[in-house]
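Novice: Take a look at structure06.pdb, PDB, C-alpha atoms:
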ATOM      1  CA  MET A   1     -62.914 -48.731  69.997
ATOM      2  CA  GLU A   2     -62.786 -46.559  73.102
ATOM      3  CA  LYS A   3     -62.530 -49.642  75.343
ATOM      4  CA  GLU A   4     -59.539 -51.066  73.414
ATOM      5  CA  THR A   5     -57.338 -47.984  73.890
ATOM      6  CA  PRO A   6     -56.636 -48.493  77.638
ATOM      7  CA  LYS A   7     -55.676 -52.123  76.916
ATOM      8  CA  LYS A   8     -53.172 -51.075  74.264
ATOM      9  CA  ARG A   9     -51.651 -48.552  76.656
ATOM     10  CA  SER A  10     -51.475 -51.106  79.454
ATOM     11  CA  TYR A  11     -49.473 -53.469  77.190
ATOM     12  CA  THR A  12     -47.207 -50.699  75.954
ATOM     13  CA  VAL A  13     -45.718 -49.870  79.364
ATOM     14  CA  PRO A  14     -44.619 -53.458  80.252
ATOM     15  CA  ILE A  15     -43.163 -53.933  76.772
ATOM     16  CA  LEU A  16     -41.162 -50.723  77.083
ATOM     17  CA  LEU A  17     -39.963 -51.801  80.519
ATOM     18  CA  VAL A  18     -38.843 -55.187  79.146
ATOM     19  CA  LEU A  19     -37.040 -53.552  76.231
ATOM     20  CA  LEU A  20     -35.412 -51.055  78.589
ATOM     21  CA  THR A  21     -34.303 -53.866  80.881
ATOM     22  CA  PHE A  22     -32.750 -55.810  77.998
ATOM     23  CA  SER A  23     -31.061 -52.624  76.824
ATOM     24  CA  LEU A  24     -29.572 -51.996  80.272
ATOM     25  CA  ILE A  25     -28.413 -55.602  80.550
ATOM     26  CA  GLY A  26     -26.768 -55.317  77.150
ATOM     27  CA  ASN A  27     -25.019 -52.094  78.090
ATOM     28  CA  VAL A  28     -23.774 -53.576  81.359
ATOM     29  CA  PHE A  29     -22.532 -56.674  79.521
ATOM     30  CA  PHE A  30     -20.637 -54.686  76.904
ATOM     31  CA  TYR A  31     -19.240 -52.349  79.556
ATOM     32  CA  SER A  32     -18.047 -55.283  81.663
ATOM     33  CA  GLN A  33     -16.474 -56.856  78.570
ATOM     34  CA  ASP A  34     -14.695 -53.597  77.750
ATOM     35  CA  LEU A  35     -13.566 -53.252  81.362
ATOM     36  CA  GLN A  36     -12.270 -56.841  81.359
ATOM     37  CA  ASN A  37     -10.425 -56.271  78.094
ATOM     38  CA  GLY A  38      -8.873 -53.141  79.578
ATOM     39  CA  GLN A  39      -7.776 -55.054  82.672
ATOM     40  CA  ASP A  40      -6.347 -57.860  80.545
ATOM     41  CA  THR A  41      -4.338 -55.338  78.514
ATOM     42  CA  LYS A  42      -3.001 -53.683  81.666
ATOM     43  CA  GLN A  43      -2.117 -57.066  83.111
ATOM     44  CA  ARG A  44      -0.208 -58.059  79.959
ATOM     45  CA  ASP A  45       1.634 -54.723  79.891
ATOM     46  CA  GLY A  46       2.572 -55.033  83.555
ATOM     47  CA  GLN A  47       3.642 -58.630  83.082
ATOM     48  CA  SER A  48       5.833 -57.572  80.154
ATOM     49  CA  ILE A  49       7.596 -54.953  82.291
ATOM     50  CA  ILE A  50       8.235 -57.448  85.085
ATOM     51  CA  ASN A  51       9.574 -59.994  82.616
ATOM     52  CA  HIS A  52      11.880 -57.369  81.087
ATOM     53  CA  GLY A  53      13.192 -56.545  84.558
ATOM     54  CA  LEU A  54      13.827 -60.199  85.377
ATOM     55  CA  ALA A  55      15.478 -60.749  81.992
ATOM     56  CA  ALA A  56      17.697 -57.682  82.495
ATOM     57  CA  LYS A  57      18.683 -59.081  85.872
ATOM     58  CA  ALA A  58      19.559 -62.438  84.300
ATOM     59  CA  HIS A  59      21.615 -60.697  81.584
ATOM     60  CA  VAL A  60      23.601 -58.660  84.096
ATOM     61  CA  ASP A  61      24.316 -61.712  86.266
ATOM     62  CA  ALA A  62      25.398 -63.811  83.280
ATOM     63  CA  ALA A  63      27.536 -61.049  81.758
ATOM     64  CA  LEU A  64      29.293 -60.289  85.047
ATOM     65  CA  ASP A  65      30.021 -63.979  85.637
ATOM     66  CA  ALA A  66      31.423 -64.260  82.104
ATOM     67  CA  LEU A  67      33.556 -61.131  82.506
ATOM     68  CA  ASN A  68      34.933 -62.378  85.812
ATOM     69  CA  GLY A  69      35.714 -65.712  84.218
ATOM     70  CA  LEU A  70      37.420 -64.085  81.264
ATOM     71  CA  ALA A  71      39.523 -61.835  83.508
ATOM     72  CA  SER A  72      40.970 -64.883  85.261
ATOM     73  CA  SER A  73      41.163 -67.106  82.179
ATOM     74  CA  THR A  74      44.220 -68.737  80.709
ATOM     75  CA  SER A  75      45.047 -69.362  77.080
ATOM     76  CA  ALA A  76      43.701 -72.900  77.543
ATOM     77  CA  ASP A  77      40.181 -71.930  78.597
ATOM     78  CA  ARG A  78      39.915 -68.468  77.043
ATOM     79  CA  ALA A  79      37.851 -69.655  74.066
ATOM     80  CA  ALA A  80      35.256 -71.155  76.414
ATOM     81  CA  LYS A  81      35.114 -67.944  78.491
ATOM     82  CA  LEU A  82      34.717 -65.845  75.351
ATOM     83  CA  TYR A  83      31.877 -68.117  74.264
ATOM     84  CA  ASP A  84      30.174 -67.582  77.642
ATOM     85  CA  LEU A  85      30.542 -63.831  77.229
ATOM     86  CA  GLY A  86      29.100 -64.005  73.721
ATOM     87  CA  GLN A  87      26.071 -65.892  75.024
ATOM     88  CA  ALA A  88      25.559 -63.357  77.812
ATOM     89  CA  SER A  89      25.964 -60.340  75.544
ATOM     90  CA  ALA A  90      23.234 -61.639  73.223
ATOM     91  CA  SER A  91      20.657 -60.811  75.900
ATOM     92  CA  GLN A  92      21.780 -57.194  76.252
ATOM     93  CA  VAL A  93      18.555 -56.274  74.462
ATOM     94  CA  ASP A  94      16.678 -57.224  77.652
ATOM     95  CA  LEU A  95      18.538 -54.484  79.516
ATOM     96  CA  ALA A  96      17.550 -52.029  76.768
ATOM     97  CA  PHE A  97      13.894 -53.131  76.963
ATOM     98  CA  PHE A  98      13.736 -52.555  80.712
ATOM     99  CA  ILE A  99      15.380 -49.151  80.416
ATOM    100  CA  ASP A 100      12.869 -48.224  77.706
ATOM    101  CA  ASP A 101       9.995 -49.325  79.976
ATOM    102  CA  ALA A 102      11.255 -47.002  82.697
ATOM    103  CA  ARG A 103      11.652 -44.102  80.263
ATOM    104  CA  ARG A 104       8.065 -44.523  79.065
ATOM    105  CA  HIS A 105       6.727 -44.421  82.631
ATOM    106  CA  THR A 106       8.339 -41.174  83.711
ATOM    107  CA  LEU A 107       7.153 -37.713  82.711
ATOM    108  CA  SER A 108      10.610 -36.361  81.925
ATOM    109  CA  PRO A 109      13.435 -38.847  81.255
ATOM    110  CA  PRO A 110      16.672 -37.309  82.624
ATOM    111  CA  ILE A 111      18.658 -38.493  79.599
ATOM    112  CA  LYS A 112      17.965 -37.619  75.959
ATOM    113  CA  ASP A 113      16.842 -40.394  73.614
ATOM    114  CA  GLU A 114      19.867 -40.055  71.337
ATOM    115  CA  GLN A 115      22.315 -40.115  74.238
ATOM    116  CA  SER A 116      20.712 -43.226  75.698
ATOM    117  CA  GLU A 117      20.652 -45.014  72.357
ATOM    118  CA  LYS A 118      24.291 -44.176  71.604
ATOM    119  CA  ALA A 119      25.397 -45.389  75.034
ATOM    120  CA  LEU A 120      23.647 -48.739  74.592
ATOM    121  CA  GLN A 121      25.140 -49.105  71.113
ATOM    122  CA  ALA A 122      28.592 -48.328  72.506
ATOM    123  CA  LEU A 123      28.069 -50.976  75.183
ATOM    124  CA  ASN A 124      27.238 -53.489  72.472
ATOM    125  CA  SER A 125      30.411 -52.498  70.619
ATOM    126  CA  GLN A 126      32.429 -53.097  73.776
ATOM    127  CA  PHE A 127      31.098 -56.615  74.031
ATOM    128  CA  ALA A 128      31.954 -57.191  70.379
ATOM    129  CA  ALA A 129      35.495 -55.845  70.806
ATOM    130  CA  ILE A 130      36.198 -58.051  73.817
ATOM    131  CA  GLY A 131      34.806 -60.998  71.892
ATOM    132  CA  THR A 132      37.549 -60.651  69.273
ATOM    133  CA  ILE A 133      40.397 -61.052  71.784
ATOM    134  CA  THR A 134      42.962 -63.638  70.701
ATOM    135  CA  GLY A 135      46.112 -64.883  72.373
ATOM    136  CA  GLU A 136      47.351 -63.502  75.659
ATOM    137  CA  LEU A 137      45.465 -60.645  77.262
ATOM    138  CA  THR A 138      47.177 -57.330  76.610
ATOM    139  CA  ALA A 139      47.112 -54.410  79.025
ATOM    140  CA  GLU A 140      44.461 -52.825  76.809
ATOM    141  CA  ASP A 141      42.376 -56.012  76.860
ATOM    142  CA  LYS A 142      42.550 -56.156  80.647
ATOM    143  CA  GLN A 143      41.551 -52.517  80.921
ATOM    144  CA  SER A 144      38.504 -53.094  78.686
ATOM    145  CA  ILE A 145      37.432 -56.107  80.720
ATOM    146  CA  GLN A 146      37.922 -54.272  84.008
ATOM    147  CA  SER A 147      35.835 -51.305  82.893
ATOM    148  CA  MET A 148      33.027 -53.667  81.898
ATOM    149  CA  GLN A 149      33.342 -55.504  85.205
ATOM    150  CA  ALA A 150      33.003 -52.206  87.061
ATOM    151  CA  LEU A 151      29.912 -51.240  85.053
ATOM    152  CA  TYR A 152      28.203 -54.586  85.438
ATOM    153  CA  SER A 153      28.989 -54.755  89.144
ATOM    154  CA  LYS A 154      27.190 -51.430  89.451
ATOM    155  CA  LEU A 155      24.242 -52.641  87.364
ATOM    156  CA  LYS A 156      23.965 -55.785  89.496
ATOM    157  CA  LYS A 157      23.884 -53.680  92.659
ATOM    158  CA  GLN A 158      21.166 -51.429  91.224
ATOM    159  CA  LEU A 159      19.041 -54.374  90.090
ATOM    160  CA  ALA A 160      19.207 -55.994  93.530
ATOM    161  CA  SER A 161      16.240 -53.800  94.509
ATOM    162  CA  PHE A 162      14.086 -55.247  91.711
ATOM    163  CA  LYS A 163      12.073 -57.984  93.410
ATOM    164  CA  LEU A 164       8.856 -58.038  91.362
ATOM    165  CA  GLU A 165       7.560 -61.388  90.143
ATOM    166  CA  SER A 166       4.856 -62.099  87.570
ATOM    167  CA  GLY A 167       1.902 -64.332  88.382
ATOM    168  CA  ASP A 168      -0.154 -61.950  90.551
ATOM    169  CA  LYS A 169      -2.725 -60.008  88.517
ATOM    170  CA  LEU A 170      -2.947 -57.101  90.963
ATOM    171  CA  VAL A 171       0.830 -56.736  91.102
ATOM    172  CA  GLU A 172       1.089 -56.875  87.312
ATOM    173  CA  MET A 173      -1.547 -54.167  86.905
ATOM    174  CA  SER A 174      -0.117 -51.944  89.643
ATOM    175  CA  VAL A 175       3.276 -51.895  87.904
ATOM    176  CA  LEU A 176       1.811 -49.502  85.317
ATOM    177  CA  THR A 177       1.372 -46.813  87.984
ATOM    178  CA  GLY A 178       5.153 -46.616  88.353
ATOM    179  CA  GLY A 179       7.123 -47.200  91.521
ATOM    180  CA  ASN A 180      10.671 -48.110  92.510
ATOM    181  CA  TRP A 181      11.199 -50.163  89.362
ATOM    182  CA  VAL A 182      11.103 -46.956  87.297
ATOM    183  CA  ASP A 183      13.889 -45.445  89.413
ATOM    184  CA  THR A 184      15.865 -48.658  88.987
ATOM    185  CA  GLY A 185      15.507 -48.576  85.201
ATOM    186  CA  LEU A 186      16.564 -44.937  85.012
ATOM    187  CA  ALA A 187      19.538 -45.633  87.299
ATOM    188  CA  LEU A 188      20.660 -48.425  84.965
ATOM    189  CA  GLU A 189      20.466 -46.055  82.034
ATOM    190  CA  GLN A 190      22.433 -43.408  83.929
ATOM    191  CA  ALA A 191      25.169 -45.931  84.771
ATOM    192  CA  VAL A 192      25.500 -47.063  81.141
ATOM    193  CA  VAL A 193      25.655 -43.479  79.862
ATOM    194  CA  GLU A 194      28.219 -42.477  82.491
ATOM    195  CA  ALA A 195      30.374 -45.480  81.612
ATOM    196  CA  GLN A 196      30.389 -44.515  77.938
ATOM    197  CA  THR A 197      30.896 -40.772  78.403
ATOM    198  CA  GLY A 198      33.408 -40.997  81.229
ATOM    199  CA  THR A 199      31.246 -38.925  83.568
ATOM    200  CA  SER A 200      30.167 -39.953  87.047
ATOM    201  CA  SER A 201      27.667 -39.012  89.726
ATOM    202  CA  ASN A 202      26.952 -39.873  93.311
ATOM    203  CA  GLY A 203      23.955 -41.981  92.261
TER     204      GLY A 203
END
Please express the file's structure as structure tokens.
Specialist:
Amino acid sequence: MEKETPKKRSYTVPILLVLLTFSLIGNVFFYSQDLQNGQDTKQRDGQSIINHGLAAKAHVDAALDALNGLASSTSADRAAKLYDLGQASASQVDLAFFIDDARRHTLSPPIKDEQSEKALQALNSQFAAIGTITGELTAEDKQSIQSMQALYSKLKKQLASFKLESGDKLVEMSVLTGGNWVDTGLALEQAVVEAQTGTSSNG
């Protein structure tokens, strides 16, 4: 009996080492899986922001083109120009998404939630009002179109600095740390609010 005890102890240590090794491997595996899942989530979030920015850019370009076309339209082609504007205005939500992304990535948004929401709703109402134009353009119609042209020209200028593209994992993940795109989104919001409240700034 006394001779068997050392043998049992000699087996115990290797077994414990094997179990410990498997345990460490398992922990490393699960940690790497969790880390990968975290990276995948960050990549998707960053990709979403970039796509919102690109979509906002496309909306602004399309809306400005449609507004310019409508301003110079005749009674013969006005229906077609109004249709183009209706198509462009449908993607206004992309502008709202990008602005919301920027708001969520700054510690203190300069504009209150309610004010921002009301301004975007008012912008949507402006699109709707212009879309109901019939017959010859009145002085009021022209004024409404011109004010929208001025706003969208400003938005286009502000979005010119947005040059991010999706497809690069590191770029998509780094977007979540903030950067110039946040300033761009907040500037867009400021421009929309100013246009609806009649205020202005040097920005």
Novice: From the set A:Asn51, A:Asp84, A:Val192, A:Ser75, which residue has the shortest atom-to-atom contact distance to A:Gln121, counting only C-alpha atoms?
Specialist: A:Val192
Novice: Please list as a VMD selection string every residue within 9 Å of A:Lys156, counting only C-alpha atoms and excluding residues in the same chain fewer than 4 positions away.
Specialist: chain A and resid 57 60 to 61 64 151 to 152 160
Novice: A:Thr106, A:Gln115, A:Thr134, A:Ser144: which is nearest A:Val182, counting only C-alpha atoms?
Specialist: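 Of A:Thr106, A:Gln115, A:Thr134, A:Ser144, the one nearest A:Val182, counting only C-alpha atoms, is A:Thr106.
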Novice: Counting all atoms listed in the file, which residue out of A:Leu123, A:Ile99, A:Leu54, A:Leu67 sits closest to A:Ser161?
Specialist: A:Leu54
Novice: Give as a ChimeraX atom specification the residues that the PyMOL selection byres ((chain A and resi 173-180) around 8) matches when applied to the coordinates above.
Specialist: /A:39,42-43,45-47,49-50,105-106,162,169-172,181-184
Novice: For each of A:Ser108, A:Gln158, A:Gln149, A:Ser166, take the minimum atom-to-atom distance to A:Asp65, counting only C-alpha atoms, then give the residue where this is smallest.
Specialist: A:Gln149
Novice: Evaluated on this file, the PyMOL selection byres ((chain A and resi 78) around 12) picks out some residues - which ones are they, written as an mmCIF file with C-alpha atoms, in the coordinates of the input?
Specialist:
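Heads up, here's the output in part-v1.cif:
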data_model
loop_
_atom_site.group_PDB
_atom_site.id
_atom_site.type_symbol
_atom_site.label_atom_id
_atom_site.label_comp_id
_atom_site.auth_asym_id
_atom_site.auth_seq_id
_atom_site.Cartn_x
_atom_site.Cartn_y
_atom_site.Cartn_z
ATOM 1 C CA ALA A 66 31.423 -64.260 82.104
ATOM 2 C CA LEU A 67 33.556 -61.131 82.506
ATOM 3 C CA ASN A 68 34.933 -62.378 85.812
ATOM 4 C CA GLY A 69 35.714 -65.712 84.218
ATOM 5 C CA LEU A 70 37.420 -64.085 81.264
ATOM 6 C CA ALA A 71 39.523 -61.835 83.508
ATOM 7 C CA SER A 72 40.970 -64.883 85.261
ATOM 8 C CA SER A 73 41.163 -67.106 82.179
ATOM 9 C CA THR A 74 44.220 -68.737 80.709
ATOM 10 C CA SER A 75 45.047 -69.362 77.080
ATOM 11 C CA ALA A 76 43.701 -72.900 77.543
ATOM 12 C CA ASP A 77 40.181 -71.930 78.597
ATOM 13 C CA ALA A 79 37.851 -69.655 74.066
ATOM 14 C CA ALA A 80 35.256 -71.155 76.414
ATOM 15 C CA LYS A 81 35.114 -67.944 78.491
ATOM 16 C CA LEU A 82 34.717 -65.845 75.351
ATOM 17 C CA TYR A 83 31.877 -68.117 74.264
ATOM 18 C CA ASP A 84 30.174 -67.582 77.642
ATOM 19 C CA LEU A 85 30.542 -63.831 77.229
ATOM 20 C CA ILE A 130 36.198 -58.051 73.817
ATOM 21 C CA GLY A 131 34.806 -60.998 71.892
ATOM 22 C CA THR A 132 37.549 -60.651 69.273
ATOM 23 C CA ILE A 133 40.397 -61.052 71.784
ATOM 24 C CA THR A 134 42.962 -63.638 70.701
ATOM 25 C CA GLY A 135 46.112 -64.883 72.373
ATOM 26 C CA GLU A 136 47.351 -63.502 75.659
ATOM 27 C CA LEU A 137 45.465 -60.645 77.262
#
Novice: Applying the PyMOL selection byres ((chain A and resi 191) around 9) to the file I just gave you, which residues come out? Please list them as a list in words.
Specialist: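 Selected by the PyMOL selection byres ((chain A and resi 191) around 9) in this file: Leu151, Lys154, Leu155, Leu186, Ala187, Leu188, Glu189, Gln190, Val192, Val193, Glu194, Ala195, Gln196, Ser200, Ser201 and Gly203 of chain A.
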Novice: Could you save the residues just selected, with C-alpha atoms, as a JSON list (two decimals), in the frame of the given file?
Specialist:
[["chain", "number", "residue", "atom", "x", "y", "z"],
["A", 151, "LEU", "CA", 29.91, -51.24, 85.05],
["A", 154, "LYS", "CA", 27.19, -51.43, 89.45],
["A", 155, "LEU", "CA", 24.24, -52.64, 87.36],
["A", 186, "LEU", "CA", 16.56, -44.94, 85.01],
["A", 187, "ALA", "CA", 19.54, -45.63, 87.30],
["A", 188, "LEU", "CA", 20.66, -48.42, 84.96],
["A", 189, "GLU", "CA", 20.47, -46.06, 82.03],
["A", 190, "GLN", "CA", 22.43, -43.41, 83.93],
["A", 192, "VAL", "CA", 25.50, -47.06, 81.14],
["A", 193, "VAL", "CA", 25.66, -43.48, 79.86],
["A", 194, "GLU", "CA", 28.22, -42.48, 82.49],
["A", 195, "ALA", "CA", 30.37, -45.48, 81.61],
["A", 196, "GLN", "CA", 30.39, -44.52, 77.94],
["A", 200, "SER", "CA", 30.17, -39.95, 87.05],
["A", 201, "SER", "CA", 27.67, -39.01, 89.73],
["A", 203, "GLY", "CA", 23.96, -41.98, 92.26]]
Novice: Rounded to one decimal, what separation in Å do you get between atom CA of A:Phe97 and atom CA of A:Leu120?
Specialist: 11.0 Å
Novice: Compare A:Asp141, A:Gly185, A:Pro110, A:Ala129 by their minimum atom-to-atom distance to A:Leu159, counting only C-alpha atoms, and give me the closest one.
Specialist: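 Under the stated criterion, the closest residue is A:Gly185.
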Novice: May I ask for the distance between atom CA of A:Ser89 and atom CA of A:Ser153, given in Å to one decimal place?
Specialist: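 Separation of atom CA of A:Ser89 and atom CA of A:Ser153: 15.0 Å.
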Novice: To box stretch 143-150 of chain A, take all atoms listed in the file, fit an axis-aligned box, add 5 Å on each side, and give centre and edge lengths in Å to one decimal, as AutoDock Vina command-line options.
Specialist:
--center_x 37.3 --center_y -53.7 --center_z 82.9 --size_x 18.5 --size_y 14.8 --size_z 18.4
Novice: Could you tell me how far atom CA of A:Ile145 lies from atom CA of A:Pro109, in Å and to one decimal?
Specialist: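 These atoms are spaced 29.6 Å apart.
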Novice: Please provide the set of residues having any atom within 10 Å of A:Ala90, restricted to all atoms listed in the file, with same-chain residues fewer than 2 positions apart removed, written as an MDAnalysis selection string.
Specialist: chainID A and resid 59 63 85:88 92:94 124 127
Novice: Between A:Ala58, A:Ala150, A:Leu164, A:Ala139, which has the minimum distance to A:Leu95 (counting all atoms listed in the file)?
Specialist: A:Ala58
